[in-house]
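First comes the structure, then the notes that go with it.
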Amino acid sequence: MEDATTLRVAKIRTFNRFYTNIIGLVNQTILESPYSLAEARILAEIDKATTCTASDLTEILQIDPGYLSRILRRFKKEALIKTSKSLTDGRSQILVITEKGRETYNRLSEASSAQLIQLLKQLPSGA
């Protein structure tokens with residue numbers, strides 16, 4: 001049993017190394033954009049949430065609160081998100097993606113899909 005688990009772990013780690021090279025995660029940014037994978041994920045989570053706070057993102061993404069705070073500050077400066085005071089908790093800010101933020105996220109999402117399509121085209125059918 002231990003050998004089977006060890007083998008599975010090795011296969012997953014090999015795949016992770018392969019895939020992160022393919023999609024460019026070794027680099028600081030993704031998809032020829034100025035954004036990191038973490039930043040793209042943050043935009044995605046804000047976009048899909050009905051209501052979203054920094055605490056929500058910290059929990060969902062398991063991200064360092066200080067790092068998240070710096071990203072959110074940048075997003076606000078770039079007008080990708082806006083904030084408003086929570087009606088239920090005055091200490092919290094509700095994060096809302098702006099139209100510019102949604103366009104940015106949609107471009108990243110489309111680029112990601114296009115990248116995967118190109119990768120899949122290189123594989124034999126049925127693989």
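Scheme for the structure tokens: letters A, B, ... for chains in order shown; per-chain residue numbers from 1; ligand numbers from 1 in order shown.
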
Expected answer as JSON, numbers by chain: strand (DSSP E or B) residues in chain A: {"A": [81, 82, 83, 84, 85, 93, 94, 95, 96, 97]}

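Taking CA of Asp47 in chain A and CA of Gly101 in chain A as endpoints, the distance between them is 8.4 Å.
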
When you look at range 80-93 of chain A with a cut-off of 10 Å (counting only C-alpha atoms), what residues show up, excluding the ones that are within fewer than 4 positions of it in the same chain? I need them as a JSON list (two decimals) with N, CA, C and O atoms, in the first residue's frame.
```json
[["chain", "number", "residue", "atom", "x", "y", "z"],
["A", 43, "LEU", "N", -9.16, 37.54, -8.82],
["A", 43, "LEU", "CA", -10.17, 38.16, -9.68],
["A", 43, "LEU", "C", -11.32, 37.19, -9.95],
["A", 43, "LEU", "O", -12.49, 37.57, -9.92],
["A", 46, "ILE", "N", -13.56, 36.87, -6.82],
["A", 46, "ILE", "CA", -14.37, 38.08, -6.60],
["A", 46, "ILE", "C", -15.49, 38.11, -7.63],
["A", 46, "ILE", "O", -16.64, 38.44, -7.32],
["A", 47, "ASP", "N", -15.17, 37.76, -8.88],
["A", 47, "ASP", "CA", -16.16, 37.78, -9.96],
["A", 47, "ASP", "C", -17.31, 36.82, -9.70],
["A", 47, "ASP", "O", -18.46, 37.16, -9.92],
["A", 51, "THR", "N", -21.24, 37.94, -2.57],
["A", 51, "THR", "CA", -20.56, 38.94, -1.75],
["A", 51, "THR", "C", -19.21, 38.35, -1.40],
["A", 51, "THR", "O", -19.08, 37.15, -1.20],
["A", 52, "CYS", "N", -18.21, 39.20, -1.34],
["A", 52, "CYS", "CA", -16.85, 38.72, -1.12],
["A", 52, "CYS", "C", -16.09, 39.72, -0.26],
["A", 52, "CYS", "O", -16.15, 40.92, -0.50],
["A", 53, "THR", "N", -15.38, 39.19, 0.73],
["A", 53, "THR", "CA", -14.51, 40.02, 1.57],
["A", 53, "THR", "C", -13.09, 39.46, 1.50],
["A", 53, "THR", "O", -12.88, 38.34, 1.02],
["A", 54, "ALA", "N", -12.15, 40.22, 1.98],
["A", 54, "ALA", "CA", -10.77, 39.74, 2.03],
["A", 54, "ALA", "C", -10.68, 38.48, 2.89],
["A", 54, "ALA", "O", -9.94, 37.55, 2.56],
["A", 55, "SER", "N", -11.45, 38.44, 3.97],
["A", 55, "SER", "CA", -11.45, 37.23, 4.82],
["A", 55, "SER", "C", -11.93, 36.02, 4.05],
["A", 55, "SER", "O", -11.39, 34.92, 4.20],
["A", 72, "LEU", "N", -4.99, 43.38, -3.37],
["A", 72, "LEU", "CA", -6.26, 44.11, -3.41],
["A", 72, "LEU", "C", -6.03, 45.61, -3.55],
["A", 72, "LEU", "O", -6.77, 46.30, -4.27],
["A", 73, "ARG", "N", -5.00, 46.11, -2.88],
["A", 73, "ARG", "CA", -4.66, 47.54, -3.00],
["A", 73, "ARG", "C", -4.31, 47.87, -4.45],
["A", 73, "ARG", "O", -4.76, 48.88, -5.00],
["A", 74, "ARG", "N", -3.51, 47.00, -5.08],
["A", 74, "ARG", "CA", -3.15, 47.20, -6.49],
["A", 74, "ARG", "C", -4.39, 47.15, -7.38],
["A", 74, "ARG", "O", -4.56, 47.98, -8.27],
["A", 75, "PHE", "N", -5.25, 46.16, -7.15],
["A", 75, "PHE", "CA", -6.46, 46.03, -7.95],
["A", 75, "PHE", "C", -7.35, 47.27, -7.83],
["A", 75, "PHE", "O", -7.94, 47.72, -8.81],
["A", 76, "LYS", "N", -7.43, 47.80, -6.62],
["A", 76, "LYS", "CA", -8.24, 49.00, -6.41],
["A", 76, "LYS", "C", -7.62, 50.19, -7.15],
["A", 76, "LYS", "O", -8.33, 50.96, -7.82],
["A", 97, "ILE", "N", -16.02, 43.31, -8.26],
["A", 97, "ILE", "CA", -15.25, 43.47, -9.49],
["A", 97, "ILE", "C", -15.90, 44.57, -10.34],
["A", 97, "ILE", "O", -17.12, 44.66, -10.41],
["A", 98, "THR", "N", -15.08, 45.40, -10.94],
["A", 98, "THR", "CA", -15.58, 46.45, -11.82],
["A", 98, "THR", "C", -15.71, 45.89, -13.23],
["A", 98, "THR", "O", -15.26, 44.77, -13.51],
["A", 99, "GLU", "N", -16.28, 46.68, -14.12],
["A", 99, "GLU", "CA", -16.37, 46.25, -15.52],
["A", 99, "GLU", "C", -14.96, 46.03, -16.10],
["A", 99, "GLU", "O", -14.72, 45.06, -16.79],
["A", 100, "LYS", "N", -14.04, 46.94, -15.76],
["A", 100, "LYS", "CA", -12.65, 46.77, -16.21],
["A", 100, "LYS", "C", -12.06, 45.49, -15.64],
["A", 100, "LYS", "O", -11.34, 44.75, -16.33],
["A", 101, "GLY", "N", -12.33, 45.19, -14.37],
["A", 101, "GLY", "CA", -11.85, 43.97, -13.75],
["A", 101, "GLY", "C", -12.43, 42.74, -14.39],
["A", 101, "GLY", "O", -11.72, 41.74, -14.63],
["A", 102, "ARG", "N", -13.72, 42.79, -14.72],
["A", 102, "ARG", "CA", -14.37, 41.64, -15.37],
["A", 102, "ARG", "C", -13.78, 41.44, -16.77],
["A", 102, "ARG", "O", -13.53, 40.31, -17.19],
["A", 103, "GLU", "N", -13.54, 42.52, -17.50],
["A", 103, "GLU", "CA", -12.92, 42.40, -18.83],
["A", 103, "GLU", "C", -11.52, 41.80, -18.71],
["A", 103, "GLU", "O", -11.14, 40.95, -19.51],
["A", 104, "THR", "N", -10.78, 42.24, -17.71],
["A", 104, "THR", "CA", -9.43, 41.71, -17.49],
["A", 104, "THR", "C", -9.50, 40.23, -17.17],
["A", 104, "THR", "O", -8.75, 39.42, -17.75],
["A", 105, "TYR", "N", -10.39, 39.86, -16.27],
["A", 105, "TYR", "CA", -10.54, 38.45, -15.92],
["A", 105, "TYR", "C", -10.98, 37.62, -17.14],
["A", 105, "TYR", "O", -10.45, 36.54, -17.39]]
```

Where does DSSP see helix (DSSP H, G or I) in chain A, if you list the residues as JSON, numbers by chain? {"A": [2, 3, 4, 5, 6, 7, 8, 9, 10, 11, 12, 13, 14, 15, 16, 17, 18, 19, 20, 21, 22, 37, 38, 39, 40, 41, 42, 43, 44, 45, 46, 47, 48, 54, 55, 56, 57, 58, 59, 60, 61, 65, 66, 67, 68, 69, 70, 71, 72, 73, 74, 75, 76, 77, 99, 100, 101, 102, 103, 104, 105, 106, 107, 108, 109, 110, 111, 112, 113, 114, 115, 116, 117, 118, 119, 120, 121]}

Could you save those same residues with C-alpha atoms as a PDB file, in the first residue's frame?
```
ATOM      1  CA  GLU A   2       2.776   2.426   0.888  1.00  0.00           C
ATOM      2  CA  ASP A   3       4.540   1.759  -2.439  1.00  0.00           C
ATOM      3  CA  ALA A   4       1.348   2.484  -4.430  1.00  0.00           C
ATOM      4  CA  THR A   5       0.871   5.801  -2.612  1.00  0.00           C
ATOM      5  CA  THR A   6       4.512   6.747  -3.116  1.00  0.00           C
ATOM      6  CA  LEU A   7       4.202   5.983  -6.839  1.00  0.00           C
ATOM      7  CA  ARG A   8       1.028   8.075  -7.131  1.00  0.00           C
ATOM      8  CA  VAL A   9       2.711  10.997  -5.363  1.00  0.00           C
ATOM      9  CA  ALA A  10       5.692  10.780  -7.705  1.00  0.00           C
ATOM     10  CA  LYS A  11       3.398  10.742 -10.772  1.00  0.00           C
ATOM     11  CA  ILE A  12       1.436  13.755  -9.546  1.00  0.00           C
ATOM     12  CA  ARG A  13       4.605  15.699  -8.785  1.00  0.00           C
ATOM     13  CA  THR A  14       6.019  14.854 -12.224  1.00  0.00           C
ATOM     14  CA  PHE A  15       2.799  16.056 -13.846  1.00  0.00           C
ATOM     15  CA  ASN A  16       2.805  19.243 -11.766  1.00  0.00           C
ATOM     16  CA  ARG A  17       6.357  20.076 -12.858  1.00  0.00           C
ATOM     17  CA  PHE A  18       5.464  19.355 -16.493  1.00  0.00           C
ATOM     18  CA  TYR A  19       2.238  21.355 -16.424  1.00  0.00           C
ATOM     19  CA  THR A  20       3.630  24.380 -14.588  1.00  0.00           C
ATOM     20  CA  ASN A  21       6.313  24.619 -17.274  1.00  0.00           C
ATOM     21  CA  ILE A  22       3.708  24.303 -20.051  1.00  0.00           C
ATOM     22  CA  LEU A  37      -1.721  33.053 -11.073  1.00  0.00           C
ATOM     23  CA  ALA A  38      -2.695  34.152  -7.552  1.00  0.00           C
ATOM     24  CA  GLU A  39      -3.938  37.494  -8.883  1.00  0.00           C
ATOM     25  CA  ALA A  40      -5.971  35.798 -11.610  1.00  0.00           C
ATOM     26  CA  ARG A  41      -7.515  33.454  -9.028  1.00  0.00           C
ATOM     27  CA  ILE A  42      -8.406  36.406  -6.795  1.00  0.00           C
ATOM     28  CA  LEU A  43     -10.171  38.158  -9.677  1.00  0.00           C
ATOM     29  CA  ALA A  44     -12.006  34.922 -10.491  1.00  0.00           C
ATOM     30  CA  GLU A  45     -13.201  34.462  -6.916  1.00  0.00           C
ATOM     31  CA  ILE A  46     -14.373  38.076  -6.605  1.00  0.00           C
ATOM     32  CA  ASP A  47     -16.157  37.783  -9.957  1.00  0.00           C
ATOM     33  CA  LYS A  48     -18.067  34.622  -9.062  1.00  0.00           C
ATOM     34  CA  ALA A  54     -10.772  39.744   2.032  1.00  0.00           C
ATOM     35  CA  SER A  55     -11.449  37.233   4.822  1.00  0.00           C
ATOM     36  CA  ASP A  56     -13.445  35.107   2.385  1.00  0.00           C
ATOM     37  CA  LEU A  57     -10.555  35.121  -0.081  1.00  0.00           C
ATOM     38  CA  THR A  58      -8.028  34.274   2.608  1.00  0.00           C
ATOM     39  CA  GLU A  59     -10.091  31.233   3.552  1.00  0.00           C
ATOM     40  CA  ILE A  60     -10.958  30.094   0.020  1.00  0.00           C
ATOM     41  CA  LEU A  61      -7.482  30.511  -1.454  1.00  0.00           C
ATOM     42  CA  PRO A  65      -3.522  38.070   4.391  1.00  0.00           C
ATOM     43  CA  GLY A  66      -0.657  40.552   3.933  1.00  0.00           C
ATOM     44  CA  TYR A  67       0.007  39.356   0.391  1.00  0.00           C
ATOM     45  CA  LEU A  68      -3.717  39.484  -0.369  1.00  0.00           C
ATOM     46  CA  SER A  69      -3.938  43.011   1.017  1.00  0.00           C
ATOM     47  CA  ARG A  70      -1.172  44.202  -1.326  1.00  0.00           C
ATOM     48  CA  ILE A  71      -2.889  42.595  -4.313  1.00  0.00           C
ATOM     49  CA  LEU A  72      -6.256  44.112  -3.413  1.00  0.00           C
ATOM     50  CA  ARG A  73      -4.665  47.538  -2.999  1.00  0.00           C
ATOM     51  CA  ARG A  74      -3.147  47.200  -6.489  1.00  0.00           C
ATOM     52  CA  PHE A  75      -6.464  46.031  -7.952  1.00  0.00           C
ATOM     53  CA  LYS A  76      -8.241  49.003  -6.413  1.00  0.00           C
ATOM     54  CA  LYS A  77      -5.598  51.407  -7.757  1.00  0.00           C
ATOM     55  CA  GLU A  99     -16.366  46.252 -15.524  1.00  0.00           C
ATOM     56  CA  LYS A 100     -12.649  46.772 -16.209  1.00  0.00           C
ATOM     57  CA  GLY A 101     -11.851  43.969 -13.749  1.00  0.00           C
ATOM     58  CA  ARG A 102     -14.369  41.641 -15.372  1.00  0.00           C
ATOM     59  CA  GLU A 103     -12.922  42.401 -18.826  1.00  0.00           C
ATOM     60  CA  THR A 104      -9.430  41.715 -17.488  1.00  0.00           C
ATOM     61  CA  TYR A 105     -10.538  38.448 -15.923  1.00  0.00           C
ATOM     62  CA  ASN A 106     -12.402  37.400 -19.083  1.00  0.00           C
ATOM     63  CA  ARG A 107      -9.276  38.033 -21.191  1.00  0.00           C
ATOM     64  CA  LEU A 108      -7.224  35.877 -18.803  1.00  0.00           C
ATOM     65  CA  SER A 109      -9.862  33.141 -18.857  1.00  0.00           C
ATOM     66  CA  GLU A 110     -10.075  33.155 -22.659  1.00  0.00           C
ATOM     67  CA  ALA A 111      -6.278  33.093 -22.961  1.00  0.00           C
ATOM     68  CA  SER A 112      -6.142  30.158 -20.562  1.00  0.00           C
ATOM     69  CA  SER A 113      -8.721  28.232 -22.607  1.00  0.00           C
ATOM     70  CA  ALA A 114      -6.879  29.019 -25.841  1.00  0.00           C
ATOM     71  CA  GLN A 115      -3.626  27.818 -24.297  1.00  0.00           C
ATOM     72  CA  LEU A 116      -5.234  24.517 -23.283  1.00  0.00           C
ATOM     73  CA  ILE A 117      -6.765  24.083 -26.741  1.00  0.00           C
ATOM     74  CA  GLN A 118      -3.315  24.459 -28.295  1.00  0.00           C
ATOM     75  CA  LEU A 119      -1.895  21.952 -25.820  1.00  0.00           C
ATOM     76  CA  LEU A 120      -4.662  19.446 -26.542  1.00  0.00           C
ATOM     77  CA  LYS A 121      -4.183  19.802 -30.302  1.00  0.00           C
TER      78      LYS A 121
END
```

I need the residue nearest Val96 in chain A from this list: A:Gln62, A:Thr50, A:Ser125, A:Ser33. Use only C-alpha atoms for the distance.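 Closest residue, counting only C-alpha atoms: A:Thr50.
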